[in-house]
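What follows is a short report on a single structure.
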Amino acid sequence: MLTRNSLSLLLWVLFDGGLLTPLPPHLQQTLATEPRENVLHLPGQPSHFQRVKRGWVWNQFFVLEEYMGSEPQYVGKLHSDLDKGEGTVKYTLSGDGAGTVFTIDETTGDIHAIRSLDREEKPFYTLRAQAVDIETRKPLEPESEFIIKVQDINDNEPKFLDGPYVASVPEMSPVGVIRTALPNMDREVKEQYQVLIQAKDMGGQLGGLAGTTIVNITLTDVNDNPPRFPKSIFHLKVPESSPIGSAIGRIRAVDPDFGQNAEIEYNIVPGDGGNLFDIVTDEDTQEGVIKLKKPLDFETKKAYTFKVEASNLHLDHRFHSAGPFKDTATVKISVLDVEEPPVFSKPLYTMDVYEDTPVGTIIGAVTAQDLDVGSSAVRYFIDWKSDVDSHFTIDGTEGTIATNELLDRESTAQYNFSIMARKVSNTLLTSKVNILINVLDVNEFPPEIAVPYETSVCENAKPGQIIQIVSAADRDLSPAGQQFSFRLSPEAAIKPNFTIRDFRNNTAGIETRRNGYSRRQQELYFLPVVIEDSSYPVQSSTNTMTIRVCRCDSDGTILSCNVEAIFLPVGLSTGALIAILLCIVILLVIVVLYVALRRQKKKDTLMTSKEDIRDNVIHYDDEGGGEEDTQAFDIGALRNPKAIEDNKIRRDIKPESLCLPRQRPSVEDNTDIRDFIHQRLQENDVDPTAPPYDSLATYAYEGNGSVADSLSSIDSLTTEADQDYDYLTDWGPRFKVLADMFGEEESYNPDKVT
């Protein structure tokens, strides 16, 4: 394949798709000796009976590349049919390379190349020619376009464009696929070879030119080697506590191939322990990773032995005859003993207990054992994190579970908590199990009417009509087949207006027993219904149903059940009823306004009488709130109205900012007590700081004509010795005690007083 590709590359360099054609030697001689034959006739008006001679293809000239002559290379000639050879026509040249590469003789129309051309740089040139009248400078005919092609000569040696080339050859390829000095190549021996290839040009004017390149040949790998285990037996040690799915060991088979040809697949040969272990291939290292499928138990089995097979994942059919591409090794696994926590006999314990079971009743037990070689005792306790209410207790040694509180199924129907078992020899090793306790129902609640019913009966009802269907509900957990029975209470069964018909499907109907009912006589009927269940013990309840009598039409459709409708005449319209209600409301408003005005007038009269304080006695029935209560009563009526108007300072509380010294006028001797009291009253009226506060100061004058004269101590003598109490003996026996007390001290004996 490499030889064929190199030959194609060489031919492509030598021949450019037919565009380059070899130029024979006689053509060059013809161009040199007969230049007039290469003529390009410009289109014009040819003369009659004149033959147009064409030496080349129309509008195309050819010129050799790399021309080495001393004179400019002749290309061709332009000629117009209007040129009679009289020198009246001028030829012009324009376009690609005009004047720089090609020139034209203005008189004869000969075209020459004035410099050497290289086809590899530019293969052709496009130019335009025109014949012009030499005198008028006007074109004799339209401008014509033609092409000058550069003809190739063999002046370059062949070259490899992208060398060095890299080729791949499968190893172990037979002789004839590629010509090489080695009949069989093995990639495991040598991966890469270098080959020198030469391309030679055997023809051309310049002789044979040659080109060389280096080809690197890389051998690609094939799967020609089977995997091999470095040893026949692998020993592994695994703790019994290893989790399921964990990697417990690695084994490896060696394959000298590369890439996907070295990919290995591992499988466990069916046999001892094959169902406990699994093996997968590590894609990065091509090792066999042994994983655990089921838990190990040292106490049950201490060792396992099985075989592992390694084979190539990608097989090459060309090498099947070389033998089986797989290998087998033995794996021996030793289970290591690990101290483990206790093991419960069940993964989940389910127990049942009736509600209201006495506290301390045992409802079940759990069991856990230490399966290690040195068996240890086990202790039990409840995981309080999941049982905050502590409804149950457990015996730490026996594992029995008992109730710790009274249970109510209607509150909690199921309990779910955890019990932990701990080894006595190692308290850090614990295990946990879930406990599910179902609280069974006890028939403790009687059945009741399911929903409140609004039952009504028409006034024109007939006996035997069912006016209401009722059903019952029980707060207890009703067992399958629970039946409720309905009946009237014994006191209602005597001359009943209604009765109960039990349908035997946990429903009943209220049935009428009278021929018509009257709302005027009785609007409401109360029907006691007894409902009884079929559980043990039997529970029953009496439910009172209210039945309202309503006015209905002939079809039994209720028209009205309102109370006021009973007293309205039949046929009264809604508008009339609204007018009557409005009149009643207006009358009520008038009455309320009249009562309010009377009460206001009476209040004004009372206030007017209170302002006159000359001979009024003010009486308060309410109890004051102390010194802080300043709104309990109006104390202004106890004050002098003139003083209140002159001084607006409150006297029911002690002022804080105003503390003026009290200046009392001197009292003259022999002043009448009446004048003295009047003076003190005026003094207290105008003095805002005068005590008492929240109290009433009373001044009285006993008047004249007393037998004992004045009892006041104002005019009393300075000392008690100056007093004369002998007149007390003249007052009679009622004052005898006073006369003895204030008489001579030696004559008074308290022990003799009776």
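Chains: A, B, ... in order of the structure tokens. Residues: from 1 per chain. Ligands: from 1, in order shown.
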
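For segment 421-429 of chain A, the non-local neighbours within 9 Å, defined as residues at least 2 positions apart in the same chain or in other chains and counting only C-alpha atoms, are A:Glu339, A:Glu340, A:Pro341, A:Pro342, A:Val343, A:Phe344, A:Thr367, A:Ala368, A:Gln369, A:Asp370, A:Ser376, A:Ala377, A:Val378, A:Arg379, A:Tyr380, A:Phe381, A:Ile382, A:Gly396, A:Ile419, A:Ser431, A:Lys432, A:Val433.
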
Residues near Lys462 of chain A, anyone? I mean within 8 Å using only C-alpha atoms, not counting same-chain ones fewer than 3 positions away, as a PDB file with all heavy atoms, in the first residue's frame.
```pdb
ATOM      1  N   GLN A 465     -95.828   8.119  57.555  1.00  0.00           N
ATOM      2  CA  GLN A 465     -94.846   8.766  56.695  1.00  0.00           C
ATOM      3  C   GLN A 465     -93.471   8.792  57.372  1.00  0.00           C
ATOM      4  O   GLN A 465     -93.372   9.045  58.571  1.00  0.00           O
ATOM      5  CB  GLN A 465     -95.272  10.202  56.358  1.00  0.00           C
ATOM      6  CG  GLN A 465     -96.471  10.283  55.436  1.00  0.00           C
ATOM      7  CD  GLN A 465     -96.789  11.732  55.078  1.00  0.00           C
ATOM      8  OE1 GLN A 465     -96.161  12.667  55.567  1.00  0.00           O
ATOM      9  NE2 GLN A 465     -97.778  11.917  54.208  1.00  0.00           N
ATOM     10  N   THR A 512     -94.329   9.118  61.329  1.00  0.00           N
ATOM     11  CA  THR A 512     -95.439   9.849  61.952  1.00  0.00           C
ATOM     12  C   THR A 512     -96.505   8.869  62.418  1.00  0.00           C
ATOM     13  O   THR A 512     -96.743   7.821  61.798  1.00  0.00           O
ATOM     14  CB  THR A 512     -96.038  10.856  60.960  1.00  0.00           C
ATOM     15  OG1 THR A 512     -96.510  10.142  59.809  1.00  0.00           O
ATOM     16  CG2 THR A 512     -94.995  11.876  60.517  1.00  0.00           C
ATOM     17  N   ARG A 513     -97.195   9.248  63.528  1.00  0.00           N
ATOM     18  CA  ARG A 513     -98.257   8.399  64.081  1.00  0.00           C
ATOM     19  C   ARG A 513     -99.604   9.114  64.126  1.00  0.00           C
ATOM     20  O   ARG A 513    -100.598   8.520  64.516  1.00  0.00           O
ATOM     21  CB  ARG A 513     -97.872   7.959  65.499  1.00  0.00           C
ATOM     22  CG  ARG A 513     -96.640   7.075  65.561  1.00  0.00           C
ATOM     23  CD  ARG A 513     -96.887   5.710  64.937  1.00  0.00           C
ATOM     24  NE  ARG A 513     -97.943   5.003  65.604  1.00  0.00           N
ATOM     25  CZ  ARG A 513     -97.773   4.237  66.694  1.00  0.00           C
ATOM     26  NH1 ARG A 513     -96.555   4.077  67.197  1.00  0.00           N
ATOM     27  NH2 ARG A 513     -98.788   3.625  67.252  1.00  0.00           N
ATOM     28  N   ARG A 514     -99.637  10.383  63.762  1.00  0.00           N
ATOM     29  CA  ARG A 514    -100.874  11.173  63.849  1.00  0.00           C
ATOM     30  C   ARG A 514    -101.305  11.606  62.461  1.00  0.00           C
ATOM     31  O   ARG A 514    -100.496  11.695  61.530  1.00  0.00           O
ATOM     32  CB  ARG A 514    -100.680  12.400  64.734  1.00  0.00           C
ATOM     33  CG  ARG A 514    -100.523  12.072  66.214  1.00  0.00           C
ATOM     34  CD  ARG A 514    -100.222  13.331  67.002  1.00  0.00           C
ATOM     35  NE  ARG A 514    -101.184  14.386  66.721  1.00  0.00           N
ATOM     36  CZ  ARG A 514    -101.133  15.610  67.237  1.00  0.00           C
ATOM     37  NH1 ARG A 514    -100.132  15.911  68.074  1.00  0.00           N
ATOM     38  NH2 ARG A 514    -102.040  16.489  66.942  1.00  0.00           N
ATOM     39  N   ASN A 515    -102.546  11.946  62.381  1.00  0.00           N
ATOM     40  CA  ASN A 515    -103.106  12.466  61.138  1.00  0.00           C
ATOM     41  C   ASN A 515    -103.124  13.983  61.223  1.00  0.00           C
ATOM     42  O   ASN A 515    -104.122  14.608  61.580  1.00  0.00           O
ATOM     43  CB  ASN A 515    -104.514  11.921  60.911  1.00  0.00           C
ATOM     44  CG  ASN A 515    -105.047  12.300  59.541  1.00  0.00           C
ATOM     45  OD1 ASN A 515    -104.317  12.811  58.700  1.00  0.00           O
ATOM     46  ND2 ASN A 515    -106.328  12.062  59.328  1.00  0.00           N
ATOM     47  N   GLY A 516    -102.026  14.616  60.918  1.00  0.00           N
ATOM     48  CA  GLY A 516    -101.898  16.065  60.930  1.00  0.00           C
ATOM     49  C   GLY A 516    -101.376  16.593  62.254  1.00  0.00           C
ATOM     50  O   GLY A 516    -101.589  16.003  63.321  1.00  0.00           O
TER      51      GLY A 516
END
```

Tell me, as a count of residues only, which residues lie within 6 Å of segment 399-405 of chain A, counting only C-alpha atoms; anything in the same chain fewer than 5 positions away does not count.
-> 13

List the neighbours of segment 547-554 of chain A out to 6 Å using only C-alpha atoms; skip same-chain residues closer than 2 positions along the sequence, and give me the result as a PyMOL selection string.
-> chain A and resi 455-459+519+523-525+556-561

Give me a file of those residues, with N, CA, C and O atoms, as a tab-separated table (two decimals), in the first residue's frame.
```
chain	number	residue	atom	x	y	z
A	455	THR	N	-84.97	18.17	61.63
A	455	THR	CA	-86.13	17.40	61.19
A	455	THR	C	-87.38	18.28	61.23
A	455	THR	O	-87.58	19.05	62.19
A	456	SER	N	-88.20	18.16	60.23
A	456	SER	CA	-89.45	18.92	60.16
A	456	SER	C	-90.56	18.00	59.68
A	456	SER	O	-90.32	17.00	58.98
A	457	VAL	N	-91.80	18.34	60.09
A	457	VAL	CA	-92.96	17.57	59.70
A	457	VAL	C	-94.04	18.55	59.24
A	457	VAL	O	-94.17	19.66	59.78
A	458	CYS	N	-94.77	18.18	58.22
A	458	CYS	CA	-95.81	19.05	57.68
A	458	CYS	C	-97.07	18.95	58.55
A	458	CYS	O	-97.35	17.93	59.17
A	459	GLU	N	-97.80	20.05	58.58
A	459	GLU	CA	-99.05	20.06	59.35
A	459	GLU	C	-100.06	19.07	58.78
A	459	GLU	O	-100.86	18.51	59.52
A	519	ARG	N	-99.36	23.78	64.33
A	519	ARG	CA	-98.32	24.63	64.90
A	519	ARG	C	-98.87	25.52	66.02
A	519	ARG	O	-98.13	25.92	66.90
A	523	GLU	N	-95.47	23.70	68.42
A	523	GLU	CA	-94.56	23.93	67.29
A	523	GLU	C	-93.43	22.91	67.26
A	523	GLU	O	-93.01	22.48	66.19
A	524	LEU	N	-92.88	22.52	68.41
A	524	LEU	CA	-91.73	21.63	68.49
A	524	LEU	C	-92.11	20.36	69.23
A	524	LEU	O	-92.86	20.40	70.22
A	525	TYR	N	-91.55	19.23	68.75
A	525	TYR	CA	-91.70	17.95	69.40
A	525	TYR	C	-90.30	17.40	69.68
A	525	TYR	O	-89.40	17.50	68.83
A	556	GLY	N	-96.38	18.40	49.82
A	556	GLY	CA	-95.46	18.16	50.91
A	556	GLY	C	-94.25	19.07	50.91
A	556	GLY	O	-93.33	18.88	51.72
A	557	THR	N	-94.24	20.08	50.05
A	557	THR	CA	-93.13	21.02	50.02
A	557	THR	C	-93.29	22.04	51.13
A	557	THR	O	-94.37	22.64	51.28
A	558	ILE	N	-92.25	22.24	51.93
A	558	ILE	CA	-92.32	23.14	53.07
A	558	ILE	C	-92.38	24.57	52.57
A	558	ILE	O	-91.56	25.01	51.75
A	559	LEU	N	-93.36	25.32	53.08
A	559	LEU	CA	-93.51	26.73	52.73
A	559	LEU	C	-92.92	27.64	53.79
A	559	LEU	O	-92.26	28.62	53.47
A	560	SER	N	-93.17	27.35	55.06
A	560	SER	CA	-92.68	28.22	56.12
A	560	SER	C	-92.62	27.43	57.42
A	560	SER	O	-93.51	26.62	57.71
A	561	CYS	N	-91.54	27.68	58.17
A	561	CYS	CA	-91.40	27.10	59.51
A	561	CYS	C	-91.18	28.17	60.56
A	561	CYS	O	-90.82	27.87	61.70
```

If you count only C-alpha atoms, which residues fall within 7 Å of segment 253-257 of chain A, apart from same-chain ones fewer than 2 positions away, as JSON, numbers by chain?
-> {"A": [221, 223, 225, 226, 227, 228, 229, 230, 261, 262, 310]}

Next, write the just-selected residues to a file, as a tab-separated table (two decimals), in the first residue's frame, keeping all heavy atoms as the atom set.
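Saved the output as out_9.tsv:
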```
chain	number	residue	atom	x	y	z
A	221	ASP	N	-0.75	-3.06	17.52
A	221	ASP	CA	-0.83	-4.28	18.32
A	221	ASP	C	-2.05	-5.10	17.92
A	221	ASP	O	-3.11	-4.55	17.57
A	221	ASP	CB	-0.91	-3.91	19.80
A	221	ASP	CG	-0.87	-5.15	20.68
A	221	ASP	OD1	0.07	-5.93	20.56
A	221	ASP	OD2	-1.82	-5.32	21.48
A	223	ASN	N	-4.23	-8.79	19.25
A	223	ASN	CA	-4.42	-9.63	20.43
A	223	ASN	C	-3.89	-11.03	20.13
A	223	ASN	O	-4.62	-11.95	19.75
A	223	ASN	CB	-5.91	-9.67	20.80
A	223	ASN	CG	-6.13	-10.27	22.17
A	223	ASN	OD1	-5.19	-10.65	22.86
A	223	ASN	ND2	-7.40	-10.36	22.56
A	225	ASN	N	-1.62	-12.50	22.48
A	225	ASN	CA	-1.08	-13.06	23.72
A	225	ASN	C	-2.22	-13.24	24.71
A	225	ASN	O	-3.00	-12.31	24.96
A	225	ASN	CB	-0.02	-12.14	24.32
A	225	ASN	CG	1.20	-12.00	23.42
A	225	ASN	OD1	1.93	-12.95	23.19
A	225	ASN	ND2	1.40	-10.79	22.88
A	226	PRO	N	-2.37	-14.39	25.34
A	226	PRO	CA	-3.41	-14.60	26.36
A	226	PRO	C	-2.96	-14.04	27.71
A	226	PRO	O	-1.76	-13.90	27.98
A	226	PRO	CB	-3.53	-16.12	26.41
A	226	PRO	CG	-2.16	-16.61	26.05
A	226	PRO	CD	-1.62	-15.63	25.03
A	227	PRO	N	-3.94	-13.66	28.60
A	227	PRO	CA	-3.57	-13.23	29.96
A	227	PRO	C	-3.07	-14.40	30.79
A	227	PRO	O	-3.50	-15.54	30.60
A	227	PRO	CB	-4.86	-12.65	30.50
A	227	PRO	CG	-5.94	-13.35	29.75
A	227	PRO	CD	-5.40	-13.64	28.39
A	228	ARG	N	-2.14	-14.10	31.71
A	228	ARG	CA	-1.56	-15.12	32.56
A	228	ARG	C	-1.50	-14.62	34.00
A	228	ARG	O	-1.11	-13.46	34.25
A	228	ARG	CB	-0.14	-15.48	32.09
A	228	ARG	CG	-0.11	-16.21	30.75
A	228	ARG	CD	-0.62	-17.63	30.88
A	228	ARG	NE	-0.53	-18.37	29.62
A	228	ARG	CZ	-1.52	-18.51	28.77
A	228	ARG	NH1	-2.69	-17.94	29.04
A	228	ARG	NH2	-1.38	-19.19	27.65
A	229	PHE	N	-1.93	-15.45	34.99
A	229	PHE	CA	-1.79	-15.13	36.41
A	229	PHE	C	-0.34	-15.37	36.82
A	229	PHE	O	0.25	-16.42	36.46
A	229	PHE	CB	-2.71	-15.99	37.26
A	229	PHE	CG	-4.15	-15.55	37.22
A	229	PHE	CD1	-5.10	-16.28	36.51
A	229	PHE	CD2	-4.55	-14.41	37.88
A	229	PHE	CE1	-6.41	-15.88	36.47
A	229	PHE	CE2	-5.88	-14.00	37.85
A	229	PHE	CZ	-6.81	-14.73	37.14
A	230	PRO	N	0.24	-14.44	37.58
A	230	PRO	CA	1.63	-14.65	38.01
A	230	PRO	C	1.77	-15.80	39.01
A	230	PRO	O	2.86	-16.35	39.16
A	230	PRO	CB	2.02	-13.31	38.62
A	230	PRO	CG	0.74	-12.70	39.04
A	230	PRO	CD	-0.29	-13.15	38.04
A	261	ASN	N	-6.52	-4.61	23.46
A	261	ASN	CA	-6.12	-6.01	23.39
A	261	ASN	C	-5.64	-6.54	24.73
A	261	ASN	O	-5.54	-7.75	24.91
A	261	ASN	CB	-5.01	-6.19	22.34
A	261	ASN	CG	-5.51	-5.89	20.94
A	261	ASN	OD1	-6.65	-6.21	20.60
A	261	ASN	ND2	-4.67	-5.26	20.12
A	262	ALA	N	-5.33	-5.61	25.68
A	262	ALA	CA	-4.89	-6.02	27.01
A	262	ALA	C	-6.01	-5.98	28.04
A	262	ALA	O	-5.77	-6.21	29.23
A	262	ALA	CB	-3.73	-5.14	27.47
A	310	ALA	N	-9.53	-15.53	34.16
A	310	ALA	CA	-9.21	-14.28	33.46
A	310	ALA	C	-9.14	-14.55	31.98
A	310	ALA	O	-8.44	-15.49	31.54
A	310	ALA	CB	-7.89	-13.71	33.97
```

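Put simply, atom CA of Tyr91 of chain A is 12.8 Å away from atom CA of Glu135 of chain A.
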